[in-house]
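The file run.cif contains mmCIF, C-alpha atoms:
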```cif
data_data
loop_
_atom_site.label_atom_id
_atom_site.label_comp_id
_atom_site.auth_asym_id
_atom_site.auth_seq_id
_atom_site.Cartn_x
_atom_site.Cartn_y
_atom_site.Cartn_z
CA MET F 1 5.87 24.82 -7.28
CA ARG F 2 7.89 26.83 -9.79
CA ASP F 3 9.19 25.64 -13.14
CA LEU F 4 12.90 26.00 -12.44
CA TYR F 5 13.86 24.98 -15.97
CA LYS F 6 11.67 27.68 -17.49
CA ARG F 7 12.98 30.29 -15.08
CA LEU F 8 16.59 29.33 -15.73
CA GLY F 9 15.96 29.21 -19.46
CA VAL F 10 17.05 25.60 -20.05
CA GLU F 11 15.34 22.50 -21.37
CA PRO F 12 14.12 19.97 -18.76
CA SER F 13 16.28 17.37 -20.52
CA ALA F 14 19.46 19.47 -20.17
CA ASP F 15 22.49 17.75 -18.65
CA ASP F 16 24.22 18.75 -15.43
CA THR F 17 26.86 20.97 -17.02
CA ALA F 18 24.28 23.01 -18.94
CA ILE F 19 22.23 23.41 -15.77
CA GLY F 20 25.30 24.33 -13.74
CA ALA F 21 26.17 27.02 -16.30
CA ALA F 22 22.58 28.34 -16.25
CA ILE F 23 22.63 28.47 -12.43
CA ASP F 24 25.91 30.37 -12.48
CA ALA F 25 24.53 32.81 -15.01
CA CYS F 26 21.33 33.40 -13.01
CA ASP F 27 21.17 36.84 -11.36
CA ASN F 28 18.22 36.26 -9.03
CA SER F 29 19.95 35.12 -5.85
CA ALA F 30 16.89 33.38 -4.33
CA LEU F 31 16.23 31.41 -7.51
CA LYS F 32 19.93 30.65 -7.78
CA ALA F 33 20.06 29.19 -4.26
CA ASP F 34 16.92 27.09 -4.78
CA ALA F 35 18.00 25.82 -8.20
CA ALA F 36 21.41 24.86 -6.82
CA ALA F 37 19.82 23.04 -3.88
CA VAL F 38 17.30 21.13 -6.00
CA LEU F 39 18.78 20.51 -9.44
CA SER F 40 22.39 19.75 -8.57
CA VAL F 41 21.51 16.82 -6.28
CA GLY F 42 20.67 13.71 -8.32
CA ALA F 43 17.92 12.25 -6.14
CA ARG F 44 16.23 15.61 -5.62
CA ARG F 45 16.30 16.41 -9.31
CA GLU F 46 14.73 13.02 -10.08
CA ALA F 47 11.85 13.64 -7.66
CA TYR F 48 11.46 17.19 -8.95
CA ASP F 49 11.41 15.96 -12.56
CA GLY F 50 8.64 13.47 -11.74
CA LEU F 51 6.38 16.20 -10.42
CA HIS F 52 7.49 18.59 -13.17
CA GLY F 53 6.41 16.10 -15.83
CA MET F 54 3.06 15.55 -14.16
CA LEU F 55 2.40 19.30 -13.88
CA SER F 56 3.37 19.87 -17.51
CA GLU F 57 0.82 17.22 -18.52
CA LEU F 58 -1.81 18.81 -16.28
CA GLY F 59 -1.08 22.23 -17.77
CA ARG F 60 -1.56 20.83 -21.26
CA LEU F 61 -4.79 19.09 -20.22
CA ARG F 62 -6.14 22.25 -18.63
CA ALA F 63 -5.29 24.26 -21.74
CA ARG F 64 -7.18 21.79 -23.91
CA LEU F 65 -10.18 21.62 -21.59
CA GLY F 66 -10.40 25.37 -21.01
CA LEU F 67 -9.45 25.12 -17.34
CA THR F 68 -6.43 27.45 -17.32
CA HIS F 69 -8.22 29.76 -14.91
CA GLY F 70 -9.65 27.15 -12.57
CA ALA F 71 -10.21 28.03 -8.94
CA HIS F 72 -7.83 25.24 -7.88
CA TRP F 73 -5.07 26.32 -10.26
CA GLN F 74 -3.33 29.14 -8.45
CA GLY F 75 -0.01 30.65 -7.53
CA ASP F 76 3.38 29.55 -8.85
CA VAL F 77 1.98 26.41 -10.41
CA ALA F 78 -0.56 28.30 -12.47
CA ASN F 79 2.00 30.96 -13.40
CA ASP F 80 4.64 28.55 -14.62
CA PHE F 81 2.70 25.60 -16.02
CA SER F 82 -0.24 27.24 -17.79
CA LEU F 83 -0.18 27.15 -21.56
CA ALA F 84 -2.13 29.28 -23.97
CA PRO F 85 -5.61 27.82 -24.48
CA ASP F 86 -5.31 25.13 -27.10
CA LEU F 87 -8.10 25.43 -29.58
CA ALA F 88 -7.47 22.01 -31.07
CA GLN F 89 -10.53 19.88 -31.54
CA SER F 90 -11.67 18.12 -28.41
CA ARG F 91 -10.94 14.42 -28.16
CA HIS F 92 -14.59 13.64 -27.84
CA ASP F 93 -15.42 15.47 -31.05
CA GLN F 94 -12.55 13.62 -32.72
CA LEU F 95 -13.99 10.33 -31.52
CA VAL F 96 -17.45 11.25 -32.80
CA ALA F 97 -16.01 12.28 -36.17
CA LYS F 98 -14.05 9.03 -36.38
CA LEU F 99 -17.15 7.10 -35.52
CA ASP F 100 -19.19 8.90 -38.16
CA ALA F 101 -16.54 8.19 -40.78
CA ALA F 102 -16.46 4.53 -39.80
CA VAL F 103 -20.24 4.28 -39.94
CA ALA F 104 -20.34 6.02 -43.34
CA ALA F 105 -17.67 3.68 -44.73
CA GLN F 106 -19.54 0.73 -43.40
CA SER F 107 -22.85 1.86 -44.86
CA THR F 108 -21.34 2.57 -48.32
CA LEU F 109 -19.88 -0.88 -48.30
CA GLY F 110 -23.24 -2.26 -47.21
CA ARG F 111 -25.10 -0.41 -49.93
CA TRP F 112 -22.81 -1.87 -52.58
CA ARG F 113 -23.11 -5.29 -51.06
CA ARG F 114 -26.88 -5.04 -51.04
CA ARG F 115 -26.95 -4.03 -54.71
CA MET F 116 -24.58 -6.83 -55.72
CA PRO F 117 -27.28 -9.40 -56.74
CA TRP F 118 -28.90 -6.90 -59.12
CA TRP F 119 -25.57 -6.15 -60.70
CA LEU F 120 -24.89 -9.86 -61.12
CA ALA F 121 -28.32 -10.39 -62.60
CA GLY F 122 -27.78 -7.50 -65.03
CA VAL F 123 -24.39 -8.80 -66.11
CA ALA F 124 -25.80 -12.31 -66.56
CA THR F 125 -28.71 -11.00 -68.66
CA LEU F 126 -26.38 -8.95 -70.83
CA GLY F 127 -24.04 -11.91 -71.25
CA GLY F 128 -26.96 -14.18 -72.19
CA ALA F 129 -28.22 -11.63 -74.69
CA ALA F 130 -24.75 -11.32 -76.22
CA LEU F 131 -24.45 -15.12 -76.50
CA ALA F 132 -27.87 -15.36 -78.11
CA LEU F 133 -26.95 -12.61 -80.54
CA GLY F 134 -23.69 -14.35 -81.43
CA TRP F 135 -25.47 -17.65 -81.99
CA TRP F 136 -28.08 -15.98 -84.18
CA LEU F 137 -25.39 -14.17 -86.18
CA SER F 138 -23.40 -17.36 -86.70
CA GLY F 139 -26.58 -19.10 -87.82
CA LEU F 140 -27.10 -16.64 -90.65
CA MET G 141 -9.86 -2.83 -40.57
CA VAL G 142 -11.82 0.10 -39.22
CA SER G 143 -10.92 -0.58 -35.56
CA ALA G 144 -7.22 -0.05 -36.24
CA ARG G 145 -7.85 3.69 -36.30
CA PHE G 146 -9.35 3.77 -32.79
CA SER G 147 -7.11 3.99 -29.75
CA PRO G 148 -7.47 1.27 -27.07
CA PHE G 149 -9.36 3.57 -24.74
CA GLU G 150 -11.71 4.73 -27.47
CA LEU G 151 -12.52 1.11 -28.21
CA LEU G 152 -13.17 0.43 -24.52
CA LEU G 153 -15.40 3.47 -24.35
CA LEU G 154 -17.38 2.36 -27.40
CA LYS G 155 -17.81 -1.15 -26.04
CA SER G 156 -18.69 -0.03 -22.53
CA ARG G 157 -22.16 -0.36 -21.07
CA ASN G 158 -21.94 3.17 -19.76
CA GLN G 159 -19.41 5.65 -21.12
CA THR G 160 -19.40 7.93 -18.10
CA ASP G 161 -18.65 5.08 -15.74
CA THR G 162 -15.80 3.83 -17.94
CA ALA G 163 -14.35 7.34 -18.09
CA ALA G 164 -14.65 7.68 -14.29
CA LEU G 165 -12.88 4.35 -13.81
CA LEU G 166 -10.01 5.46 -16.05
CA LEU G 167 -9.58 8.65 -14.01
CA LEU G 168 -9.65 6.64 -10.76
CA ALA G 169 -7.00 4.31 -12.19
CA TRP G 170 -4.98 7.40 -13.09
CA VAL G 171 -5.22 8.62 -9.49
CA MET G 172 -4.13 5.19 -8.29
CA VAL G 173 -1.06 4.86 -10.53
CA SER G 174 0.01 8.41 -9.64
CA LYS G 175 0.50 7.40 -6.02
CA GLY G 176 4.00 6.21 -6.80
CA ASN G 177 3.84 2.92 -4.95
CA VAL G 178 0.55 1.13 -5.58
CA LEU G 179 -0.46 -1.19 -2.76
CA PRO G 180 -2.33 -4.41 -3.54
CA GLU G 181 -5.14 -3.12 -1.29
CA ASP G 182 -5.57 -0.12 -3.57
CA GLN G 183 -6.08 -2.37 -6.54
CA GLN G 184 -8.59 -4.44 -4.58
CA TYR G 185 -10.37 -1.26 -3.53
CA LEU G 186 -10.55 -0.11 -7.13
CA GLU G 187 -11.92 -3.51 -8.14
CA THR G 188 -14.65 -3.31 -5.52
CA LEU G 189 -15.45 0.20 -6.77
CA ALA G 190 -15.60 -1.13 -10.33
CA ASP G 191 -18.31 -3.57 -9.25
CA GLY G 192 -20.53 -0.58 -8.60
CA PHE G 193 -19.88 0.90 -12.04
CA ARG G 194 -21.68 -0.12 -15.19
CA HIS G 195 -18.45 -0.70 -17.04
CA GLY G 196 -18.98 -4.34 -17.89
CA HIS G 197 -15.38 -5.23 -18.81
CA ALA G 198 -12.13 -6.16 -17.10
CA LEU G 199 -10.30 -3.44 -15.18
CA THR G 200 -6.76 -4.39 -16.22
CA PRO G 201 -6.79 -2.70 -19.67
CA LEU G 202 -7.89 0.55 -18.04
CA ILE G 203 -5.11 0.35 -15.45
CA GLU G 204 -2.59 -0.34 -18.21
CA ILE G 205 -3.77 2.68 -20.17
CA ALA G 206 -3.50 4.86 -17.07
CA ALA G 207 -0.05 3.48 -16.18
CA GLY G 208 1.14 4.30 -19.69
CA GLN G 209 0.35 7.99 -18.98
CA ASP G 210 -1.85 8.11 -22.07
CA MET G 211 -2.88 11.76 -21.81
CA ALA G 212 -5.10 11.61 -24.90
CA ALA G 213 -7.17 8.93 -23.13
CA VAL G 214 -7.26 10.96 -19.91
CA GLN G 215 -8.40 13.99 -21.84
CA LEU G 216 -11.16 12.03 -23.54
CA ALA G 217 -12.29 10.61 -20.22
CA ALA G 218 -12.27 14.10 -18.69
CA GLU G 219 -14.41 15.41 -21.53
CA VAL G 220 -16.92 12.59 -21.18
CA LEU G 221 -17.12 13.14 -17.44
CA GLN G 222 -17.47 16.89 -17.82
CA LYS G 223 -20.40 16.45 -20.19
CA ASP G 224 -22.34 14.17 -17.88
CA TRP G 225 -21.57 15.22 -14.31
CA TRP G 226 -21.56 18.66 -12.85
CA SER G 227 -20.99 19.89 -9.31
CA GLU G 228 -23.00 17.85 -6.77
CA GLN G 229 -23.50 14.97 -9.19
CA SER G 230 -19.78 14.36 -9.12
CA PHE G 231 -19.44 14.21 -5.30
CA PRO G 232 -19.56 10.40 -5.08
CA PHE G 233 -16.85 10.15 -7.72
CA LEU G 234 -14.69 12.77 -5.98
CA ARG G 235 -15.13 10.96 -2.67
CA GLN G 236 -13.83 7.76 -4.26
CA ALA G 237 -10.90 9.59 -5.83
CA ILE G 238 -9.97 11.19 -2.49
CA GLY G 239 -10.29 7.85 -0.69
CA LEU G 240 -8.06 6.16 -3.23
CA ALA G 241 -5.45 8.93 -3.16
CA THR G 242 -5.21 9.00 0.65
CA SER G 243 -5.56 5.26 1.34
CA ASN G 244 -2.02 4.98 2.71
CA GLY G 245 -2.46 7.96 5.03
CA GLN G 246 -0.69 10.55 2.94
CA LEU G 247 -1.44 12.50 -0.19
CA ALA G 248 1.32 12.50 -2.82
CA ALA G 249 2.06 15.92 -4.33
CA SER G 250 1.12 14.72 -7.82
CA ASN G 251 -2.22 13.41 -6.58
CA ASN G 252 -2.86 16.69 -4.80
CA HIS G 253 -2.62 18.42 -8.18
CA ILE G 254 -4.71 15.73 -9.87
CA LEU G 255 -7.50 16.00 -7.30
CA ARG G 256 -7.53 19.77 -7.72
CA PHE G 257 -7.72 19.27 -11.48
CA LEU G 258 -10.69 16.92 -11.10
CA ALA G 259 -12.44 19.41 -8.82
CA ASP G 260 -11.95 22.16 -11.40
CA LEU G 261 -13.08 19.84 -14.18
CA LEU G 262 -16.32 18.99 -12.41
CA GLY G 263 -17.05 22.54 -11.25
CA VAL G 264 -16.58 22.00 -7.52
CA ALA G 265 -15.61 25.22 -5.74
CA PRO G 266 -12.58 25.20 -3.41
CA ALA G 267 -14.68 25.57 -0.26
CA ALA G 268 -16.93 22.63 -1.12
CA PHE G 269 -13.96 20.53 -2.17
CA ARG G 270 -12.06 21.25 1.04
CA GLU G 271 -15.13 20.16 3.00
CA LEU G 272 -15.37 16.98 0.97
CA PHE G 273 -11.71 16.21 1.53
CA GLN G 274 -11.94 16.80 5.27
CA GLU G 275 -14.95 14.48 5.39
CA VAL G 276 -13.29 11.62 3.51
CA ALA G 277 -9.66 11.87 4.63
CA GLY G 278 -10.32 13.12 8.14
CA ARG G 279 -7.87 16.00 7.84
CA PRO G 280 -7.72 19.29 5.97
CA LEU G 281 -6.53 19.48 2.38
CA GLU G 282 -3.05 20.98 2.44
CA SER G 283 -1.66 23.09 -0.32
CA PRO G 284 0.66 20.96 -2.47
CA GLU G 285 4.29 20.62 -1.43
CA ASP G 286 6.84 22.65 -3.32
CA PRO G 287 9.99 20.66 -4.15
CA SER G 288 11.35 23.58 -6.15
CA ARG G 289 12.37 25.24 -2.87
CA ALA G 290 15.48 24.43 -0.89
CA ASP G 291 13.68 24.53 2.48
CA TYR G 292 11.32 21.72 1.39
CA TRP G 293 14.33 19.43 1.03
CA GLN G 294 15.91 20.62 4.25
CA ALA G 295 12.71 19.91 6.19
CA ARG G 296 12.51 16.48 4.58
CA GLU G 297 16.05 15.57 5.47
CA HIS G 298 15.56 16.81 9.00
CA ALA G 299 12.47 14.62 9.38
CA ARG G 300 14.33 11.63 7.96
CA GLN G 301 17.22 12.14 10.35
CA GLN G 302 14.90 12.29 13.31
CA GLN G 303 13.16 9.16 12.12
CA SER G 304 16.42 7.25 11.82
CA GLN G 305 17.47 8.49 15.26
CA ARG G 306 14.20 7.22 16.71
CA ASP G 307 14.71 3.87 14.99
CA HIS G 308 18.20 3.66 16.39
CA GLU G 309 17.02 4.35 19.92
CA ARG G 310 14.28 1.76 19.63
CA GLU G 311 16.84 -0.77 18.44
CA ARG G 312 19.10 -0.05 21.42
CA GLU G 313 16.18 -0.39 23.82
CA ARG G 314 15.28 -3.76 22.32
CA GLU G 315 18.88 -4.93 22.69
CA ARG G 316 18.95 -3.86 26.34
CA GLN G 317 15.75 -5.74 27.06
CA SER G 318 16.99 -8.93 25.45
CA ARG G 319 20.23 -8.70 27.44
CA GLN G 320 18.19 -8.32 30.61
CA ARG G 321 16.13 -11.36 29.73
CA HIS G 322 19.28 -13.39 29.16
CA GLU G 323 20.59 -12.29 32.53
CA GLU G 324 17.39 -13.36 34.28
CA GLU G 325 17.45 -16.69 32.53
CA ARG G 326 21.05 -17.25 33.63
CA GLN G 327 20.28 -16.37 37.24
CA ARG G 328 17.34 -18.71 37.28
CA ARG G 329 19.45 -21.52 35.91
CA ASP G 330 22.17 -20.86 38.49
CA HIS G 331 19.55 -20.94 41.21
CA GLU G 332 18.17 -24.25 40.03
CA GLU G 333 21.65 -25.69 39.82
CA ARG G 334 22.39 -24.60 43.38
CA GLN G 335 19.16 -26.16 44.62
CA ARG G 336 19.93 -29.40 42.85
CA ARG G 337 23.40 -29.51 44.38
CA GLU G 338 21.99 -28.85 47.84
CA ARG G 339 19.52 -31.66 47.42
CA GLU G 340 22.22 -34.02 46.31
CA GLU G 341 24.36 -33.07 49.27
CA HIS G 342 21.40 -33.58 51.56
CA ALA G 343 20.73 -37.01 50.14
CA TYR G 344 24.38 -37.94 50.49
CA GLN G 345 24.44 -36.87 54.13
CA ARG G 346 21.29 -38.81 54.88
CA HIS G 347 22.81 -41.80 53.20
CA SER G 348 25.93 -41.69 55.32
CA TYR G 349 23.78 -41.21 58.42
CA ARG G 350 21.86 -44.40 57.69
CA GLN G 351 25.06 -46.30 57.22
CA GLY G 352 26.01 -45.18 60.70
CA ALA G 353 28.88 -42.94 59.81
CA GLY G 354 27.95 -40.91 62.89
CA ALA G 355 29.62 -37.67 61.85
CA GLU G 356 26.42 -35.80 61.01
CA ASP G 357 25.81 -32.35 62.39
CA ARG G 358 23.25 -31.43 64.97
CA HIS G 359 21.01 -29.47 62.65
CA GLU G 360 20.59 -32.37 60.34
CA ARG G 361 19.67 -34.67 63.16
CA ARG G 362 17.10 -32.28 64.58
CA ARG G 363 15.26 -32.16 61.30
CA ASP G 364 15.19 -35.90 61.11
CA GLU G 365 13.70 -36.24 64.56
CA ARG G 366 10.20 -35.92 63.07
CA PRO G 367 8.58 -39.10 61.84
CA PRO G 368 10.63 -39.31 58.69
CA PRO G 369 8.73 -39.10 55.42
CA GLY G 370 10.48 -40.96 52.68
CA ASP G 371 13.40 -39.33 50.96
CA ARG G 372 11.56 -39.04 47.70
CA SER G 373 8.40 -37.62 49.22
CA LEU G 374 10.46 -35.00 51.03
CA ARG G 375 11.98 -33.94 47.76
CA ALA G 376 8.52 -33.90 46.22
CA LEU G 377 7.30 -31.69 49.06
CA HIS G 378 10.27 -29.38 48.46
CA VAL G 379 9.27 -29.10 44.83
CA LEU G 380 5.84 -27.94 45.92
CA GLY G 381 7.41 -25.54 48.42
CA LEU G 382 6.09 -27.39 51.48
CA ASP G 383 7.66 -29.06 54.47
CA ALA G 384 7.03 -32.41 56.03
CA ARG G 385 4.09 -31.21 58.12
CA ALA G 386 1.98 -30.49 55.01
CA THR G 387 -1.46 -32.08 54.87
CA ARG G 388 -3.14 -33.51 51.83
CA SER G 389 -5.19 -30.37 51.26
CA ASP G 390 -2.04 -28.22 51.58
CA ILE G 391 -0.46 -30.29 48.86
CA LYS G 392 -3.49 -29.91 46.62
CA LYS G 393 -3.60 -26.17 47.15
CA ALA G 394 0.11 -25.76 46.54
CA TYR G 395 -0.09 -27.87 43.41
CA ARG G 396 -2.96 -25.84 41.96
CA ARG G 397 -1.17 -22.58 42.67
CA LEU G 398 2.13 -23.70 41.15
CA ALA G 399 0.47 -25.33 38.18
CA GLN G 400 -1.25 -22.06 37.39
CA ILE G 401 1.99 -20.13 37.64
CA HIS G 402 4.13 -22.53 35.65
CA HIS G 403 1.70 -23.82 33.06
CA PRO G 404 3.50 -23.82 29.67
CA ASP G 405 0.51 -22.28 27.87
CA ARG G 406 1.14 -19.09 29.78
CA PHE G 407 4.53 -18.80 28.10
CA TYR G 408 3.22 -19.37 24.62
CA SER G 409 3.87 -15.75 23.62
CA HIS G 410 7.37 -15.65 25.12
CA GLY G 411 8.95 -17.90 22.55
CA GLU G 412 9.77 -21.54 22.21
CA ARG G 413 12.66 -21.68 24.65
CA ARG G 414 10.82 -20.20 27.58
CA MET G 415 7.89 -22.45 26.84
CA ALA G 416 10.18 -25.48 26.91
CA THR G 417 11.69 -24.55 30.28
CA ALA G 418 8.22 -23.86 31.64
CA SER G 419 7.01 -27.25 30.55
CA GLN G 420 9.99 -28.87 32.31
CA ARG G 421 9.12 -27.05 35.51
CA PHE G 422 5.48 -27.96 35.16
CA GLN G 423 6.33 -31.59 34.60
CA ARG G 424 8.45 -31.65 37.74
CA ILE G 425 5.62 -30.14 39.78
CA LYS G 426 3.14 -32.58 38.37
CA ASN G 427 5.36 -35.57 39.03
CA ALA G 428 5.84 -34.46 42.62
CA TYR G 429 2.13 -34.00 43.11
CA GLU G 430 1.26 -37.35 41.62
CA TYR G 431 3.87 -39.09 43.71
CA LEU G 432 2.58 -37.48 46.88
CA MET G 433 -1.03 -38.27 46.10
CA GLN G 434 -0.43 -41.94 45.54
CA ASP G 435 1.95 -42.11 48.50
CA ALA G 436 -0.25 -42.50 51.58
CA ARG G 437 2.69 -42.17 53.99
CA SER G 438 3.17 -38.50 53.32
CA VAL G 439 -0.29 -37.53 54.56
#
```
How does this structure look as structure tokens?
Amino acid sequence: MRDLYKRLGVEPSADDTAIGAAIDACDNSALKADAAAVLSVGARREAYDGLHGMLSELGRLRARLGLTHGAHWQGDVANDFSLAPDLAQSRHDQLVAKLDAAVAAQSTLGRWRRRMPWWLAGVATLGGAALALGWWLSGL
Amino acid sequence: MVSARFSPFELLLLKSRNQTDTAALLLLAWVMVSKGNVLPEDQQYLETLADGFRHGHALTPLIEIAAGQDMAAVQLAAEVLQKDWWSEQSFPFLRQAIGLATSNGQLAASNNHILRFLADLLGVAPAAFRELFQEVAGRPLESPEDPSRADYWQAREHARQQQSQRDHERERERERQSRQRHEEERQRRDHEERQRREREEHAYQRHSYRQGAGAEDRHERRRDERPPPGDRSLRALHVLGLDARATRSDIKKAYRRLAQIHHPDRFYSHGERRMATASQRFQRIKNAYEYLMQDARSV
């Protein structure tokens, strides 16, 4: 299947008048006939758009997974729906990174929580010492 | 607090008993929702499949994620699957995906692309995948349809027209048959009516003969020359299709034959009305038989 929108140079969300103008301006007669037969009939365009959306998603997925040259991805579909390989981080790595961050945050919190009694004890000791000092000073 | 930063599928994956199985289930759910119209059987099939997976949670959240076209989740699942299964290891999974995609006898164009994507993802070469598809679906894997071409739509419309023509013809045939049935029913009723009238006429003539009206025709008299069985037993014999010379065993035989032909249970599949008329006929036959059996004079 070809990407008629890409070949006509319009957005997939374009309205009927824009598409009609693009079809009129098209100078490839075969493409012109096919585009007129498919895109200017409401029900056909709806069905075409469904598959078009799915193939765009698959093209994006393949680009992210490094499958733009798969053995099952051939012909018009591969020509029109392939994207440049997307070198964004893989979702799995993202998940692992997220998990690491969450674990680190949790363990920092845990470390502080574990040290809390010692801190309390230290503060109490200091407070007691200060009170004792104050009492001794007032006694002088 | 921390969980708010994880997407629903990531959470499911983290909670799952086996990440690969959860990822495989999400991809199967994706295949299922891409069919366009999801049959209840498909969902049941997926649930039975899920029993064999070590997922350990309800299936509904996964189906919801897939129905929402959450491509980030699909990508994550694909990555997990790609890490753990390669080539032959993935054959059982691909078999399930093909079975799910073709469960209603046809392969939607979107699912054709999805299956090819899964095959590429799991490193299954086209030849091996075609073989697998043939094995599961029982027919060769076709190249995906191309709705960007005018002739695809023309062929579709042509097929639809032919289908509607066929439906129309079938409808006409059904109408013709029902008309024929009505006609038969009417004829049968007319026939019965005529018989009844003849019987009444007969009884009336006999009546006038007994009263000595003396204007009866020769034919009538000749029939009555035999030792006359009673009026009612003669009618009963008529019902069984016999004449006055019938013996007891003739009556029994005739009764058995007619009862088999007219038993209402035989008309069970023909609808209520035909069953009701059959049971009337059967009752008449039975009454006649019983009358003749208890009436010693008719022997």
Legend entry - Shell of 8 Å around G:Ser227, all atoms listed in the file, local chain residues under 3 positions omitted, as a PyMOL selection string: chain G and resi 230-231+262-264
Inset, instruction - With a distance threshold of 6 Å and counting all atoms listed in the file, extract the residues of chain G near chain F and express them as number ranges by chain. - result: G: 216, 256, 260, 286, 288-290
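Take atom CA of G:Leu398 and atom CA of G:Gln335: the distance between them is 17.6 Å.
For the structure shown here, the set of residues caught by the PyMOL selection byres ((chain F and resi 84) around 9) is F:Arg60, F:Ala63, F:Thr68, F:Ser82, F:Leu83, F:Pro85, F:Asp86.
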Inset, instruction - Considering only C-alpha atoms, state which residue in the set G:Leu152, G:Gly239, G:Gln400, G:Arg157 is at the smallest distance from G:Met172. - result: G:Gly239
Legend entry - Residues selected by the PyMOL selection byres ((chain G and resi 378-382) around 10), written as a PyMOL selection string: chain G and resi 339+372-377+383-387+390-399+421+424-429
